[in-house]
Every structure is written in structure tokens, then in C-alpha cells.
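Visitor: Supplied structure: run_1.txt, compact mmCIF, N, CA and C atoms.
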```txt
# COMPACT_ATOMS: atom_id res chain seq x y z
N MET W 1 118.96 18.72 -294.94
CA MET W 1 119.86 17.70 -294.45
C MET W 1 119.26 17.07 -293.19
N PRO W 2 119.17 15.77 -293.14
CA PRO W 2 118.65 15.12 -291.94
C PRO W 2 119.68 15.14 -290.81
N ILE W 3 119.22 15.50 -289.64
CA ILE W 3 120.09 15.50 -288.46
C ILE W 3 119.37 14.77 -287.34
N ALA W 4 120.12 14.31 -286.39
CA ALA W 4 119.53 13.65 -285.23
C ALA W 4 118.81 14.67 -284.36
N ARG W 5 117.69 14.27 -283.78
CA ARG W 5 116.94 15.19 -282.93
C ARG W 5 117.72 15.57 -281.68
N SER W 6 118.58 14.66 -281.23
CA SER W 6 119.36 14.94 -280.03
C SER W 6 120.44 15.98 -280.27
N SER W 7 120.85 16.18 -281.51
CA SER W 7 121.92 17.14 -281.79
C SER W 7 121.49 18.57 -281.46
N VAL W 8 120.22 18.87 -281.61
CA VAL W 8 119.72 20.20 -281.25
C VAL W 8 119.84 20.42 -279.75
N LEU W 9 119.44 19.42 -278.98
CA LEU W 9 119.51 19.54 -277.53
C LEU W 9 120.96 19.62 -277.05
N ILE W 10 121.81 18.80 -277.59
CA ILE W 10 123.22 18.81 -277.17
C ILE W 10 123.87 20.16 -277.51
N ALA W 11 123.60 20.67 -278.68
CA ALA W 11 124.15 21.98 -279.06
C ALA W 11 123.63 23.08 -278.15
N LYS W 12 122.34 23.03 -277.81
CA LYS W 12 121.76 24.04 -276.92
C LYS W 12 122.40 23.98 -275.54
N ILE W 13 122.61 22.78 -275.02
CA ILE W 13 123.23 22.64 -273.70
C ILE W 13 124.66 23.15 -273.72
N VAL W 14 125.42 22.81 -274.75
CA VAL W 14 126.82 23.26 -274.84
C VAL W 14 126.89 24.78 -274.92
N VAL W 15 126.03 25.37 -275.73
CA VAL W 15 126.04 26.83 -275.88
C VAL W 15 125.63 27.52 -274.58
N GLU W 16 124.59 27.00 -273.93
CA GLU W 16 124.14 27.63 -272.69
C GLU W 16 125.16 27.49 -271.56
N VAL W 17 125.80 26.34 -271.45
CA VAL W 17 126.82 26.16 -270.42
C VAL W 17 128.01 27.08 -270.70
N GLY W 18 128.40 27.20 -271.96
CA GLY W 18 129.47 28.12 -272.32
C GLY W 18 129.12 29.56 -272.00
N ARG W 19 127.87 29.93 -272.28
CA ARG W 19 127.41 31.29 -271.97
C ARG W 19 127.41 31.53 -270.46
N MET W 20 126.98 30.53 -269.69
CA MET W 20 126.99 30.66 -268.24
C MET W 20 128.41 30.78 -267.70
N LEU W 21 129.35 30.02 -268.27
CA LEU W 21 130.74 30.10 -267.82
C LEU W 21 131.34 31.47 -268.10
N ILE W 22 131.05 32.02 -269.27
CA ILE W 22 131.56 33.36 -269.60
C ILE W 22 130.95 34.41 -268.69
N ALA W 23 129.64 34.33 -268.45
CA ALA W 23 128.98 35.29 -267.56
C ALA W 23 129.51 35.17 -266.13
N THR W 24 129.75 33.94 -265.67
CA THR W 24 130.29 33.75 -264.32
C THR W 24 131.71 34.29 -264.22
N ALA W 25 132.51 34.06 -265.25
CA ALA W 25 133.89 34.58 -265.24
C ALA W 25 133.90 36.11 -265.22
N ILE W 26 133.03 36.74 -265.98
CA ILE W 26 132.94 38.21 -265.96
C ILE W 26 132.48 38.70 -264.60
N LEU W 27 131.48 38.03 -264.04
CA LEU W 27 130.97 38.43 -262.73
C LEU W 27 132.03 38.30 -261.65
N LEU W 28 132.75 37.16 -261.64
CA LEU W 28 133.80 36.98 -260.64
C LEU W 28 134.96 37.95 -260.87
N GLY W 29 135.32 38.17 -262.13
CA GLY W 29 136.40 39.11 -262.43
C GLY W 29 136.09 40.51 -261.94
N MET W 30 134.89 40.98 -262.22
CA MET W 30 134.50 42.31 -261.74
C MET W 30 134.42 42.35 -260.22
N GLY W 31 133.95 41.26 -259.64
CA GLY W 31 133.89 41.21 -258.18
C GLY W 31 135.27 41.30 -257.55
N PHE W 32 136.23 40.57 -258.11
CA PHE W 32 137.60 40.64 -257.58
C PHE W 32 138.22 42.01 -257.81
N LEU W 33 137.92 42.64 -258.95
CA LEU W 33 138.43 43.99 -259.20
C LEU W 33 137.87 45.00 -258.20
N LEU W 34 136.64 44.77 -257.77
CA LEU W 34 136.01 45.70 -256.83
C LEU W 34 136.29 45.36 -255.37
N GLY W 35 137.07 44.29 -255.14
CA GLY W 35 137.49 44.00 -253.77
C GLY W 35 136.81 42.81 -253.13
N MET W 36 136.18 41.96 -253.90
CA MET W 36 135.54 40.78 -253.32
C MET W 36 136.60 39.84 -252.78
N GLU W 37 136.31 39.26 -251.63
CA GLU W 37 137.22 38.28 -251.04
C GLU W 37 136.48 36.96 -250.90
N VAL W 38 137.19 35.88 -251.21
CA VAL W 38 136.62 34.54 -251.05
C VAL W 38 137.08 34.01 -249.70
N LYS W 39 136.13 33.72 -248.82
CA LYS W 39 136.46 33.26 -247.47
C LYS W 39 136.68 31.76 -247.40
N THR W 40 136.36 31.04 -248.48
CA THR W 40 136.57 29.60 -248.52
C THR W 40 137.75 29.28 -249.43
N SER W 41 137.98 28.01 -249.66
CA SER W 41 139.08 27.63 -250.54
C SER W 41 138.68 27.80 -252.00
N VAL W 42 139.67 27.80 -252.86
CA VAL W 42 139.43 27.92 -254.29
C VAL W 42 138.67 26.70 -254.79
N LEU W 43 138.96 25.54 -254.21
CA LEU W 43 138.26 24.31 -254.59
C LEU W 43 136.76 24.42 -254.32
N GLU W 44 136.39 25.00 -253.19
CA GLU W 44 134.97 25.19 -252.88
C GLU W 44 134.33 26.21 -253.81
N LEU W 45 135.08 27.22 -254.22
CA LEU W 45 134.56 28.19 -255.19
C LEU W 45 134.27 27.51 -256.52
N PHE W 46 135.20 26.66 -256.99
CA PHE W 46 134.98 25.93 -258.24
C PHE W 46 133.84 24.93 -258.10
N ALA W 47 133.68 24.34 -256.92
CA ALA W 47 132.57 23.42 -256.69
C ALA W 47 131.23 24.15 -256.78
N ALA W 48 131.17 25.36 -256.25
CA ALA W 48 129.94 26.16 -256.33
C ALA W 48 129.64 26.55 -257.77
N ILE W 49 130.67 26.91 -258.52
CA ILE W 49 130.47 27.25 -259.93
C ILE W 49 130.01 26.02 -260.70
N GLY W 50 130.62 24.88 -260.44
CA GLY W 50 130.23 23.64 -261.10
C GLY W 50 128.80 23.24 -260.78
N LEU W 51 128.41 23.41 -259.52
CA LEU W 51 127.04 23.09 -259.12
C LEU W 51 126.04 23.99 -259.82
N SER W 52 126.36 25.26 -259.96
CA SER W 52 125.45 26.15 -260.66
C SER W 52 125.37 25.82 -262.15
N MET W 53 126.47 25.35 -262.74
CA MET W 53 126.45 24.92 -264.14
C MET W 53 125.58 23.68 -264.32
N VAL W 54 125.70 22.73 -263.39
CA VAL W 54 124.87 21.52 -263.47
C VAL W 54 123.40 21.87 -263.32
N PHE W 55 123.07 22.76 -262.40
CA PHE W 55 121.69 23.17 -262.21
C PHE W 55 121.16 23.87 -263.45
N GLY W 56 121.96 24.75 -264.02
CA GLY W 56 121.53 25.46 -265.23
C GLY W 56 121.33 24.52 -266.41
N ALA W 57 122.22 23.55 -266.55
CA ALA W 57 122.08 22.58 -267.65
C ALA W 57 120.91 21.64 -267.42
N SER W 58 120.60 21.35 -266.16
CA SER W 58 119.49 20.45 -265.89
C SER W 58 118.15 21.07 -266.27
N LEU W 59 118.09 22.37 -266.35
CA LEU W 59 116.85 23.02 -266.79
C LEU W 59 116.56 22.75 -268.26
N MET W 60 117.57 22.26 -268.98
CA MET W 60 117.37 21.92 -270.39
C MET W 60 116.52 20.67 -270.57
N ILE W 61 116.19 19.99 -269.46
CA ILE W 61 115.32 18.81 -269.53
C ILE W 61 114.00 19.17 -270.21
N PHE W 62 113.52 20.37 -269.99
CA PHE W 62 112.25 20.77 -270.58
C PHE W 62 112.36 20.91 -272.10
N ILE W 63 113.54 21.24 -272.58
CA ILE W 63 113.74 21.26 -274.03
C ILE W 63 113.68 19.84 -274.56
N LEU W 64 114.28 18.90 -273.82
CA LEU W 64 114.21 17.50 -274.23
C LEU W 64 112.77 17.01 -274.27
N LEU W 65 111.98 17.38 -273.28
CA LEU W 65 110.56 17.00 -273.29
C LEU W 65 109.85 17.55 -274.51
N GLY W 66 110.13 18.79 -274.83
CA GLY W 66 109.50 19.41 -275.99
C GLY W 66 109.89 18.74 -277.29
N LEU W 67 111.12 18.23 -277.36
CA LEU W 67 111.56 17.56 -278.58
C LEU W 67 111.02 16.15 -278.71
N THR W 68 110.77 15.48 -277.59
CA THR W 68 110.38 14.08 -277.67
C THR W 68 108.87 13.86 -277.64
N MET W 69 108.13 14.72 -277.00
CA MET W 69 106.67 14.54 -276.90
C MET W 69 106.00 14.96 -278.21
N LYS W 70 104.89 14.30 -278.50
CA LYS W 70 104.20 14.55 -279.77
C LYS W 70 103.30 15.78 -279.72
N THR W 71 102.65 16.04 -278.58
CA THR W 71 101.70 17.15 -278.49
C THR W 71 102.07 18.06 -277.32
N THR W 72 101.51 19.25 -277.32
CA THR W 72 101.75 20.18 -276.22
C THR W 72 101.08 19.69 -274.94
N GLN W 73 99.97 19.00 -275.06
CA GLN W 73 99.30 18.47 -273.87
C GLN W 73 100.18 17.43 -273.17
N ALA W 74 100.91 16.66 -273.94
CA ALA W 74 101.80 15.65 -273.34
C ALA W 74 102.93 16.32 -272.57
N VAL W 75 103.44 17.42 -273.07
CA VAL W 75 104.52 18.13 -272.38
C VAL W 75 103.99 18.75 -271.10
N GLN W 76 102.80 19.27 -271.13
CA GLN W 76 102.21 19.91 -269.96
C GLN W 76 101.72 18.90 -268.94
N GLY W 77 101.60 17.64 -269.34
CA GLY W 77 101.15 16.60 -268.41
C GLY W 77 99.66 16.49 -268.30
N SER W 78 98.93 17.19 -269.14
CA SER W 78 97.46 17.11 -269.08
C SER W 78 96.96 16.24 -270.21
N ARG W 79 95.75 15.71 -270.01
CA ARG W 79 95.17 14.87 -271.02
C ARG W 79 93.90 15.51 -271.55
N CYS W 80 93.66 15.32 -272.80
CA CYS W 80 92.45 15.80 -273.42
C CYS W 80 91.49 14.62 -273.55
N TRP W 81 90.40 14.64 -272.80
CA TRP W 81 89.48 13.49 -272.75
C TRP W 81 88.39 13.57 -273.81
N SER W 82 88.31 14.64 -274.54
CA SER W 82 87.22 14.74 -275.52
C SER W 82 87.59 14.15 -276.85
```
Represent the structure from my file as C-alpha cells, please.
Guide:
Amino acid sequence: MPIARSSVLIAKIVVEVGRMLIATAILLGMGFLLGMEVKTSVLELFAAIGLSMVFGASLMIFILLGLTMKTTQAVQGSRCWS
């Protein structure tokens, strides 16, 4: 079945962001159970979580490069002169 090349990247980003959200929720839940205290507001906590999600999703740019470039040399940024 033919599919769009972008659908692979979009699915990968959605899955990875979902996985990061679940891991962050488990980490924060265990932290609160063990006595962690947040010294800032809840809004700032959510902003930090959102920023980490954006950073994690931005690393998927390299997957996009791999899908769009024709050769491995193009992805690495090197040229073969021979």
C-alpha cells in the first residue's frame, strides 16, 4: 500500500512524545510519592515539561533528514568528490 513519506515521521513523533509524557508522569508520580516538593508554580512545572517535550520532538529532525536525503553522504553533510 502506498503511503506518504511524512506519515512515518509524524507517527514516530507522536509515539515518542507519548512515550516521553508517560515516562515523565511516572517519574513525577514517584517523585511526589517519595516526598518531592515543587518550589515553583504548577504552571512553571508544566512549562518545563512542555519545553522538554519540544526539545525531545525536535531531535526527530534527523529522522526527517534521513527520509528526505537520497544518500548517506548527504545526511552526514559530506561530499564524495571521486
Visitor: Taking all atoms listed in the file into account, name the residue in W:Phe32, W:Pro2, W:Val17, W:Glu44 that is nearest to Ala57 of chain W.
Guide: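 Closest candidate: W:Val17.
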Visitor: Given the choices W:Ser58, W:Gln73, W:Ser41, W:Thr24, which gets closest to Lys12 of chain W if the distance is worked out from only C-alpha atoms?
Guide: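 Once distances to Lys12 of chain W are computed over only C-alpha atoms, the minimum belongs to W:Ser58.
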Visitor: Atom CA of Ile10 of chain W and atom CA of Thr71 of chain W, how far apart in Å?
Guide: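 Between these atoms lies a distance of 21.6 Å.
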Visitor: Considering only C-alpha atoms, can you say which of W:Val8, W:Leu64, W:Met20, W:Val14 comes closest to Ser52 of chain W?
Guide: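 Nearest to Ser52 of chain W: W:Met20.
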Visitor: Just want the 8 Å neighbourhood of Gly56 of chain W, counted on only N, CA and C atoms, with same-chain residues fewer than 6 positions away dropped. Output as a list in words.
Guide: Ile13, Glu16, Val17 and Gly50 of chain W
Visitor: Could you write out, as a PyMOL selection string, all the residues of segment 9-72 of chain W that DSSP marks as alpha helix (DSSP H)?
Guide: chain W and resi 9-33+42-58+61-68+72
Visitor: Mind giving me the straight-line distance from atom C of Ala47 of chain W to atom C of Ile61 of chain W in Å, one decimal?
Guide: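 Here the two named atoms are 22.4 Å from each other.
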Visitor: Report the distance between atom CA of Phe46 of chain W and atom CA of Ile22 of chain W in Å, rounded to one decimal place.
Guide: 14.0 Å
